[in-house]
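Visitor: Input structure: run.cif, which contains mmCIF, C-alpha atoms.
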data_protein
loop_
_atom_site.label_atom_id
_atom_site.label_comp_id
_atom_site.auth_asym_id
_atom_site.auth_seq_id
_atom_site.Cartn_x
_atom_site.Cartn_y
_atom_site.Cartn_z
CA MET A 10 17.91 -11.26 -13.52
CA THR A 11 17.82 -7.63 -12.42
CA LEU A 12 15.33 -6.81 -9.69
CA GLN A 13 12.54 -4.63 -11.04
CA THR A 14 10.11 -3.13 -8.55
CA ARG A 15 7.37 -0.53 -8.95
CA ILE A 16 4.49 0.95 -7.02
CA ASP A 17 1.65 -1.57 -7.11
CA HIS A 18 -0.92 0.10 -4.91
CA LEU A 19 -1.41 2.78 -2.29
CA VAL A 20 -2.83 1.73 1.07
CA PHE A 21 -5.50 4.11 2.35
CA ALA A 22 -6.78 2.98 5.75
CA ALA A 23 -10.00 3.83 7.54
CA ARG A 24 -11.82 2.83 10.72
CA SER A 25 -14.49 1.26 8.53
CA LEU A 26 -14.75 0.47 4.86
CA ASP A 27 -17.88 2.60 4.55
CA GLU A 28 -16.01 5.58 6.01
CA GLY A 29 -13.12 5.14 3.58
CA VAL A 30 -15.42 4.81 0.57
CA ALA A 31 -17.43 7.86 1.63
CA TRP A 32 -14.20 9.89 1.89
CA CYS A 33 -13.25 8.98 -1.67
CA ARG A 34 -16.70 9.88 -2.97
CA GLU A 35 -16.61 13.29 -1.26
CA HIS A 36 -13.00 14.30 -1.89
CA MET A 37 -12.21 12.53 -5.16
CA ALA A 38 -15.59 11.88 -6.80
CA ILE A 39 -14.55 8.25 -7.19
CA GLU A 40 -16.69 5.17 -6.67
CA PRO A 41 -14.48 2.11 -6.06
CA ALA A 42 -15.15 -0.66 -8.58
CA GLY A 43 -13.70 -3.76 -6.95
CA GLY A 44 -12.48 -5.37 -3.76
CA GLY A 45 -13.30 -8.14 -1.34
CA GLU A 46 -12.23 -9.84 1.90
CA HIS A 47 -8.84 -11.01 3.19
CA VAL A 48 -9.73 -14.04 5.28
CA LEU A 49 -6.12 -14.47 6.43
CA MET A 50 -6.03 -11.02 8.03
CA GLY A 51 -9.66 -10.30 8.93
CA THR A 52 -9.72 -7.22 6.70
CA HIS A 53 -11.64 -6.14 3.63
CA ASN A 54 -11.08 -3.57 0.90
CA ARG A 55 -12.38 -1.61 -2.04
CA VAL A 56 -10.14 -0.66 -4.95
CA PHE A 57 -9.93 1.48 -8.09
CA ARG A 58 -7.34 2.14 -10.77
CA ILE A 59 -4.94 5.08 -10.59
CA ASN A 60 -2.52 3.87 -13.27
CA ALA A 61 -0.69 6.48 -15.34
CA PRO A 62 2.53 6.76 -17.39
CA GLY A 63 5.31 5.91 -14.99
CA PHE A 64 2.83 4.20 -12.65
CA GLU A 65 1.51 1.47 -14.91
CA ARG A 66 -0.91 -0.99 -13.29
CA ALA A 67 -1.15 1.05 -10.09
CA TYR A 68 -4.33 1.05 -8.05
CA PHE A 69 -5.77 2.55 -4.89
CA GLU A 70 -6.80 0.35 -1.97
CA ILE A 71 -9.19 1.42 0.77
CA ILE A 72 -8.72 -1.03 3.63
CA ALA A 73 -10.26 -1.56 7.05
CA ILE A 74 -10.69 -4.23 9.68
CA ASN A 75 -13.70 -6.37 8.82
CA PRO A 76 -15.97 -6.40 11.89
CA ALA A 77 -17.86 -9.42 10.55
CA ALA A 78 -14.73 -11.57 10.22
CA PRO A 79 -13.31 -13.72 13.02
CA ALA A 80 -10.09 -12.56 14.64
CA PRO A 81 -7.21 -13.87 12.51
CA GLY A 82 -5.10 -15.16 15.40
CA ARG A 83 -2.16 -13.04 14.24
CA ALA A 84 -1.24 -9.38 13.92
CA ARG A 85 -3.12 -7.77 11.06
CA TRP A 86 -1.01 -6.18 8.36
CA PHE A 87 -0.24 -2.47 7.96
CA ASP A 88 -0.26 -1.79 11.74
CA LEU A 89 -4.07 -1.68 11.64
CA VAL A 90 -4.44 -2.74 15.28
CA ASP A 91 -1.63 -0.51 16.55
CA SER A 92 -3.02 1.97 19.10
CA ARG A 93 -1.26 4.92 17.44
CA MET A 94 -2.69 3.97 14.06
CA GLN A 95 -6.19 3.56 15.45
CA ALA A 96 -5.98 6.96 17.16
CA ALA A 97 -4.91 8.53 13.85
CA LEU A 98 -7.71 6.86 11.90
CA ALA A 99 -10.20 8.17 14.45
CA GLN A 100 -9.33 11.60 12.97
CA GLY A 101 -10.21 10.37 9.48
CA PRO A 102 -9.04 8.00 6.73
CA ARG A 103 -5.52 8.53 5.45
CA LEU A 104 -2.65 7.25 3.35
CA VAL A 105 -0.64 4.88 5.54
CA HIS A 106 1.54 2.75 3.29
CA PHE A 107 2.23 1.47 -0.20
CA VAL A 108 2.83 -1.95 -1.69
CA ALA A 109 5.48 -2.51 -4.34
CA SER A 110 5.32 -5.22 -6.99
CA THR A 111 8.57 -6.99 -7.76
CA ASN A 112 9.65 -9.62 -10.29
CA ASP A 113 11.43 -11.80 -7.68
CA ILE A 114 10.07 -11.38 -4.18
CA GLU A 115 12.45 -13.84 -2.52
CA ARG A 116 15.49 -12.03 -3.94
CA ALA A 117 14.03 -8.68 -2.97
CA VAL A 118 13.61 -9.88 0.62
CA GLU A 119 17.23 -11.04 0.60
CA ALA A 120 18.35 -7.69 -0.80
CA LEU A 121 16.62 -5.87 2.05
CA ALA A 122 18.06 -8.32 4.59
CA ALA A 123 21.52 -7.38 3.31
CA GLN A 124 20.59 -3.80 4.29
CA GLY A 125 19.68 -5.00 7.80
CA ILE A 126 15.95 -4.83 7.10
CA ASP A 127 13.61 -7.69 8.02
CA ARG A 128 10.73 -7.21 5.58
CA GLY A 129 9.01 -10.37 6.85
CA THR A 130 8.05 -13.79 5.59
CA VAL A 131 6.83 -14.39 2.04
CA ILE A 132 3.36 -15.92 2.28
CA PRO A 133 0.88 -17.04 -0.39
CA VAL A 134 -2.46 -15.20 -0.48
CA GLU A 135 -5.50 -15.63 -2.68
CA ARG A 136 -8.95 -14.18 -3.25
CA GLY A 137 -11.22 -15.33 -6.06
CA ASN A 138 -9.13 -15.66 -9.20
CA LEU A 139 -6.29 -13.56 -7.77
CA ARG A 140 -3.14 -15.23 -6.48
CA TRP A 141 -0.11 -13.49 -5.09
CA LYS A 142 2.88 -13.77 -2.76
CA MET A 143 3.38 -11.04 -0.18
CA THR A 144 5.74 -10.12 2.63
CA VAL A 145 4.14 -10.07 6.07
CA ARG A 146 5.91 -9.54 9.36
CA PRO A 147 4.64 -11.49 12.41
CA ASP A 148 4.16 -8.17 14.21
CA GLY A 149 2.28 -6.62 11.26
CA GLN A 150 4.59 -3.59 11.16
CA ARG A 151 4.95 -1.50 8.01
CA LEU A 152 8.49 -0.22 8.85
CA MET A 153 9.88 3.32 8.57
CA GLU A 154 6.44 4.85 9.22
CA GLY A 155 5.08 3.10 6.14
CA ALA A 156 7.70 4.39 3.69
CA LEU A 157 9.42 0.99 3.35
CA PRO A 158 6.96 -0.85 1.09
CA THR A 159 5.43 -4.23 1.63
CA LEU A 160 6.45 -6.42 -1.31
CA ILE A 161 4.11 -8.34 -3.59
CA GLN A 162 4.53 -10.66 -6.56
CA TRP A 163 1.45 -11.44 -8.61
CA GLU A 164 0.91 -14.92 -10.00
CA GLY A 165 -1.51 -14.60 -12.89
CA PRO A 166 -4.13 -11.84 -13.23
CA HIS A 167 -3.54 -8.41 -11.71
CA PRO A 168 -6.44 -6.38 -10.23
CA CYS A 169 -6.00 -3.69 -12.91
CA ASP A 170 -6.75 -6.28 -15.59
CA SER A 171 -10.42 -6.28 -14.60
CA LEU A 172 -10.91 -2.82 -13.09
CA PRO A 173 -12.52 -0.13 -15.25
CA THR A 174 -10.94 3.27 -15.76
CA SER A 175 -11.74 5.35 -12.69
CA GLY A 176 -10.98 8.86 -13.87
CA ALA A 177 -8.15 9.10 -11.31
CA THR A 178 -4.43 8.89 -12.05
CA LEU A 179 -1.36 8.91 -9.82
CA ALA A 180 0.73 11.98 -10.63
CA SER A 181 3.52 11.59 -8.07
CA PHE A 182 4.52 9.77 -4.91
CA SER A 183 7.15 10.88 -2.43
CA ALA A 184 8.49 9.88 0.96
CA ALA A 185 10.42 11.85 3.56
CA HIS A 186 12.23 10.29 6.50
CA PRO A 187 14.89 11.15 9.08
CA GLN A 188 16.79 8.09 7.77
CA ALA A 189 16.44 9.13 4.15
CA ASP A 190 19.80 7.65 3.11
CA ALA A 191 18.80 4.24 4.47
CA LEU A 192 15.43 4.51 2.72
CA ARG A 193 17.09 5.40 -0.60
CA ALA A 194 19.49 2.47 -0.21
CA ALA A 195 16.56 0.11 0.42
CA TYR A 196 14.74 1.36 -2.68
CA ASP A 197 17.90 0.97 -4.76
CA ALA A 198 18.47 -2.56 -3.42
CA ILE A 199 15.10 -3.75 -4.71
CA GLY A 200 15.14 -1.71 -7.92
CA LEU A 201 12.33 0.67 -6.95
CA GLY A 202 12.13 3.90 -8.92
CA ASN A 203 9.63 6.73 -9.39
CA VAL A 204 9.53 7.46 -5.67
CA ILE A 205 11.01 10.76 -4.59
CA VAL A 206 12.87 10.52 -1.25
CA ARG A 207 13.56 13.58 0.87
CA ASP A 208 15.24 14.19 4.22
CA GLY A 209 12.89 15.33 6.95
CA ASN A 210 10.16 14.19 9.29
CA ALA A 211 8.44 10.93 8.35
CA GLU A 212 5.84 11.59 5.70
CA MET A 213 4.38 10.10 2.53
CA LYS A 214 2.55 12.16 -0.08
CA ALA A 215 0.61 11.03 -3.13
CA ALA A 216 -0.72 13.50 -5.68
CA ILE A 217 -3.72 12.10 -7.54
CA SER A 218 -5.54 13.74 -10.43
CA THR A 219 -9.27 13.17 -10.00
CA PRO A 220 -12.44 14.20 -11.87
CA ILE A 221 -12.75 17.19 -9.51
CA GLY A 222 -9.10 18.26 -9.44
CA ARG A 223 -5.80 17.27 -7.88
CA VAL A 224 -5.90 15.73 -4.41
CA VAL A 225 -2.78 15.39 -2.25
CA LEU A 226 -2.90 12.59 0.30
CA GLU A 227 -0.56 12.76 3.29
CA SER A 228 0.36 10.15 5.88
CA LYS A 229 1.15 12.90 8.43
CA GLY A 230 3.90 10.88 10.06
CA ILE A 231 1.80 7.84 10.89
#
Go ahead and render the structure in this file as structure tokens.
Guide:
Amino acid sequence: MTLQTRIDHLVFAARSLDEGVAWCREHMAIEPAGGGEHVLMGTHNRVFRINAPGFERAYFEIIAINPAAPAPGRARWFDLVDSRMQAALAQGPRLVHFVASTNDIERAVEALAAQGIDRGTVIPVERGNLRWKMTVRPDGQRLMEGALPTLIQWEGPHPCDSLPTSGATLASFSAAHPQADALRAAYDAIGLGNVIVRDGNAEMKAAISTPIGRVVLESKGI
């Protein structure tokens, strides 16, 4: 079976969930329609659809540490407790990562390992009626300044199955990195397309069409 991988969702982090939601209301005129808590990681999120031709079943995740949840006893995902990340989020919410859905997560992890990349352990996660497997490193690192995606494999319903149309669509997604050749090789190894890779300083950009015009989100090297 050929590995097939695609953008599943963008990870937009904030110091607090309220701050992230307020940013989306102001800059995108979007009210998130779903979300919940991740007990395993002590985080919570809000989500909305951004699916479009070429980015089918893609959605947008606003994520933050849940102050009401007990400490998880492990590093939280997406570098959320990293001091550099927290300093960046103090300047405002931003795009920090993306998650890619694959049809065989164990094989995808092996394919990255063959490239010398430790994407982490495949762990089962669940929330409500959603079940999925996901790669998580013990140190919580994203890798390559977020441009090397976390991998996910859904088991049953997908969030987009129950989310209403948001009025926002993903127009393009690109990544730049000083190790662009290695990043391209990693994408090729897992069968990930539709992501433009450029040489340059570490950066991710997502262009999203919204009810009030096109918005370009930038990771700004974080």
Visitor: Could you expand the PyMOL selection byres ((chain A and resi 118) around 9) into the explicit residues it covers here, written as a list of chain:residue names?
Guide: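 With the shown file as input, the PyMOL selection byres ((chain A and resi 118) around 9) matches A:Asp113, A:Ile114, A:Glu115, A:Arg116, A:Ala117, A:Glu119, A:Ala120, A:Leu121, A:Ala122, A:Ala123, A:Ile126, A:Asp127, A:Arg128, A:Gly129, A:Thr130, A:Val131, A:Thr144, A:Leu160, A:Ile199.
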Visitor: Where does range 28-145 of chain A meet range 170-193 of chain A within 8 Å, residue by residue, with the nearest atom pair and distance in Å to one decimal for each, counting only C-alpha atoms, listed by chain and rising number, as JSON lines?
Guide:
{"residue": "A:Ile39", "atom": "CA", "partner": "A:Ser175", "partner_atom": "CA", "distance": 6.8}
{"residue": "A:Glu40", "atom": "CA", "partner": "A:Ser175", "partner_atom": "CA", "distance": 7.8}
{"residue": "A:Pro41", "atom": "CA", "partner": "A:Ser175", "partner_atom": "CA", "distance": 7.9}
{"residue": "A:Ala42", "atom": "CA", "partner": "A:Leu172", "partner_atom": "CA", "distance": 6.6}
{"residue": "A:Gly43", "atom": "CA", "partner": "A:Leu172", "partner_atom": "CA", "distance": 6.8}
{"residue": "A:Phe57", "atom": "CA", "partner": "A:Ser175", "partner_atom": "CA", "distance": 6.3}
{"residue": "A:Arg58", "atom": "CA", "partner": "A:Ser175", "partner_atom": "CA", "distance": 5.8}
{"residue": "A:Ile59", "atom": "CA", "partner": "A:Thr178", "partner_atom": "CA", "distance": 4.1}
{"residue": "A:Asn60", "atom": "CA", "partner": "A:Thr178", "partner_atom": "CA", "distance": 5.5}
{"residue": "A:Ala61", "atom": "CA", "partner": "A:Thr178", "partner_atom": "CA", "distance": 5.5}
{"residue": "A:Phe64", "atom": "CA", "partner": "A:Leu179", "partner_atom": "CA", "distance": 6.9}
{"residue": "A:Ala67", "atom": "CA", "partner": "A:Leu179", "partner_atom": "CA", "distance": 7.9}
Visitor: Looking at A:Val224, A:Arg103, A:Leu139, A:Trp163, which one is nearest to Glu212 in chain A, with distances taken over only C-alpha atoms?
Guide: A:Arg103
Visitor: Could you tell me how far CA of Gly230 in chain A sits from CA of Gly82 in chain A, in Å to one decimal place?
Guide: 28.1 Å
Visitor: For Leu49 in chain A, which of A:Ala22, A:Leu152, A:Val134, A:Ala31 is the closest residue, counting all atoms listed in the file?
Guide: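 Of the candidates, the smallest distance to Leu49 in chain A is held by A:Val134.
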Visitor: Report, in Å to a single decimal, how far apart CA of Leu226 in chain A and CA of Leu104 in chain A are.
Guide: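 Computing it gives 6.2 Å between the two atoms.
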Visitor: Please, what distance in Å, to one decimal, runs between CA of Pro81 in chain A and CA of Thr111 in chain A?
Guide: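 Rounded to one decimal, the two atoms are 26.6 Å apart.
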Visitor: List the neighbours of Leu19 in chain A out to 6 Å using all atoms listed in the file; skip same-chain residues closer than 5 positions along the sequence, and give me the result as a PyMOL selection string.
Guide: chain A and resi 69-70+107
Visitor: In terms of the shortest atom-to-atom distance over only C-alpha atoms, which of A:Ala194, A:Gly101, A:His53, A:Thr11 is closest to Val206 in chain A?
Guide: A:Ala194
Visitor: Of the residues A:Arg136, A:Gly125, A:His36, A:Ala109, which is the one nearest to Val225 in chain A, using only C-alpha atoms?
Guide: A:His36
Visitor: How would you write, as an NGL selection string, the residues chosen by the PyMOL selection byres ((chain A and resi 140) around 9) on this structure?
Guide: :A and (133-139 or 141-142 or 162-167)
Visitor: Excluding Asn75 in chain A and its own-chain neighbours fewer than 6 positions away, which residues fall within 8 Å of it when counting all atoms listed in the file? Please give them as JSON, numbers by chain.
Guide: {"A": [25, 26, 46, 51, 52, 53]}
Visitor: Please write the residues from the selection above to a file, keeping C-alpha atoms, as a CSV table (one decimal), keeping the file's coordinate frame.
Guide:
chain,number,residue,atom,x,y,z
A,25,SER,CA,-14.5,1.3,8.5
A,26,LEU,CA,-14.8,0.5,4.9
A,46,GLU,CA,-12.2,-9.8,1.9
A,51,GLY,CA,-9.7,-10.3,8.9
A,52,THR,CA,-9.7,-7.2,6.7
A,53,HIS,CA,-11.6,-6.1,3.6
Visitor: Let me have the centre and edge lengths of the axis-aligned box enclosing all listed atoms of range 227-231 of chain A with 5 Å padding on every side, in Å to one decimal, as AutoDock Vina command-line options.
Guide:
--center_x 1.7 --center_y 10.4 --center_z 7.1 --size_x 14.5 --size_y 15.1 --size_z 17.6
Visitor: Please output range 122-148 of chain A, rebuilt to include N, CA and C atoms, as an mmCIF file, keeping the file's coordinate frame.
Guide:
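Result went into result13.cif, see below:
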data_model
loop_
_atom_site.group_PDB
_atom_site.id
_atom_site.type_symbol
_atom_site.label_atom_id
_atom_site.label_comp_id
_atom_site.auth_asym_id
_atom_site.auth_seq_id
_atom_site.Cartn_x
_atom_site.Cartn_y
_atom_site.Cartn_z
ATOM 1 N N ALA A 122 17.365 -7.731 3.441
ATOM 2 C CA ALA A 122 18.060 -8.320 4.590
ATOM 3 C C ALA A 122 19.529 -7.921 4.603
ATOM 4 N N ALA A 123 20.118 -7.807 3.416
ATOM 5 C CA ALA A 123 21.520 -7.380 3.310
ATOM 6 C C ALA A 123 21.686 -5.938 3.781
ATOM 7 N N GLN A 124 20.578 -5.171 3.790
ATOM 8 C CA GLN A 124 20.590 -3.800 4.290
ATOM 9 C C GLN A 124 20.241 -3.754 5.788
ATOM 10 N N GLY A 125 20.059 -4.934 6.390
ATOM 11 C CA GLY A 125 19.680 -5.000 7.800
ATOM 12 C C GLY A 125 18.202 -4.817 8.041
ATOM 13 N N ILE A 126 17.388 -5.033 7.005
ATOM 14 C CA ILE A 126 15.950 -4.830 7.100
ATOM 15 C C ILE A 126 15.221 -6.168 7.018
ATOM 16 N N ASP A 127 14.428 -6.475 8.026
ATOM 17 C CA ASP A 127 13.610 -7.690 8.020
ATOM 18 C C ASP A 127 12.225 -7.326 7.498
ATOM 19 N N ARG A 128 12.001 -7.578 6.194
ATOM 20 C CA ARG A 128 10.730 -7.210 5.580
ATOM 21 C C ARG A 128 9.646 -8.227 5.898
ATOM 22 N N GLY A 129 10.008 -9.387 6.464
ATOM 23 C CA GLY A 129 9.010 -10.370 6.850
ATOM 24 C C GLY A 129 9.063 -11.621 6.001
ATOM 25 N N THR A 130 8.139 -12.515 6.276
ATOM 26 C CA THR A 130 8.050 -13.790 5.590
ATOM 27 C C THR A 130 7.215 -13.655 4.319
ATOM 28 N N VAL A 131 7.612 -14.360 3.275
ATOM 29 C CA VAL A 131 6.830 -14.390 2.040
ATOM 30 C C VAL A 131 5.730 -15.436 2.204
ATOM 31 N N ILE A 132 4.482 -14.998 2.107
ATOM 32 C CA ILE A 132 3.360 -15.920 2.280
ATOM 33 C C ILE A 132 2.473 -15.897 1.045
ATOM 34 N N PRO A 133 1.826 -17.023 0.726
ATOM 35 C CA PRO A 133 0.880 -17.040 -0.390
ATOM 36 C C PRO A 133 -0.483 -16.531 0.074
ATOM 37 N N VAL A 134 -1.130 -15.736 -0.782
ATOM 38 C CA VAL A 134 -2.460 -15.200 -0.480
ATOM 39 C C VAL A 134 -3.314 -15.365 -1.730
ATOM 40 N N GLU A 135 -4.609 -15.529 -1.531
ATOM 41 C CA GLU A 135 -5.500 -15.630 -2.680
ATOM 42 C C GLU A 135 -6.883 -15.094 -2.340
ATOM 43 N N ARG A 136 -7.564 -14.613 -3.364
ATOM 44 C CA ARG A 136 -8.950 -14.180 -3.250
ATOM 45 C C ARG A 136 -9.575 -14.294 -4.630
ATOM 46 N N GLY A 137 -10.600 -15.116 -4.749
ATOM 47 C CA GLY A 137 -11.220 -15.330 -6.060
ATOM 48 C C GLY A 137 -10.209 -15.870 -7.040
ATOM 49 N N ASN A 138 -10.086 -15.200 -8.195
ATOM 50 C CA ASN A 138 -9.130 -15.660 -9.200
ATOM 51 C C ASN A 138 -7.759 -15.011 -9.054
ATOM 52 N N LEU A 139 -7.559 -14.239 -7.983
ATOM 53 C CA LEU A 139 -6.290 -13.560 -7.770
ATOM 54 C C LEU A 139 -5.385 -14.386 -6.859
ATOM 55 N N ARG A 140 -4.141 -14.499 -7.257
ATOM 56 C CA ARG A 140 -3.140 -15.230 -6.480
ATOM 57 C C ARG A 140 -1.886 -14.363 -6.404
ATOM 58 N N TRP A 141 -1.319 -14.274 -5.213
ATOM 59 C CA TRP A 141 -0.110 -13.490 -5.090
ATOM 60 C C TRP A 141 0.725 -13.961 -3.904
ATOM 61 N N LYS A 142 1.990 -13.569 -3.897
ATOM 62 C CA LYS A 142 2.880 -13.770 -2.760
ATOM 63 C C LYS A 142 3.168 -12.394 -2.169
ATOM 64 N N MET A 143 3.267 -12.335 -0.838
ATOM 65 C CA MET A 143 3.380 -11.040 -0.180
ATOM 66 C C MET A 143 4.229 -11.168 1.078
ATOM 67 N N THR A 144 4.958 -10.109 1.402
ATOM 68 C CA THR A 144 5.740 -10.120 2.630
ATOM 69 C C THR A 144 4.875 -9.648 3.792
ATOM 70 N N VAL A 145 4.899 -10.412 4.879
ATOM 71 C CA VAL A 145 4.140 -10.070 6.070
ATOM 72 C C VAL A 145 5.003 -10.349 7.294
ATOM 73 N N ARG A 146 5.185 -9.355 8.116
ATOM 74 C CA ARG A 146 5.910 -9.540 9.360
ATOM 75 C C ARG A 146 4.972 -10.114 10.429
ATOM 76 N N PRO A 147 5.489 -10.956 11.337
ATOM 77 C CA PRO A 147 4.640 -11.490 12.410
ATOM 78 C C PRO A 147 4.006 -10.403 13.268
ATOM 79 N N ASP A 148 4.703 -9.255 13.396
ATOM 80 C CA ASP A 148 4.160 -8.170 14.210
ATOM 81 C C ASP A 148 3.273 -7.214 13.415
#
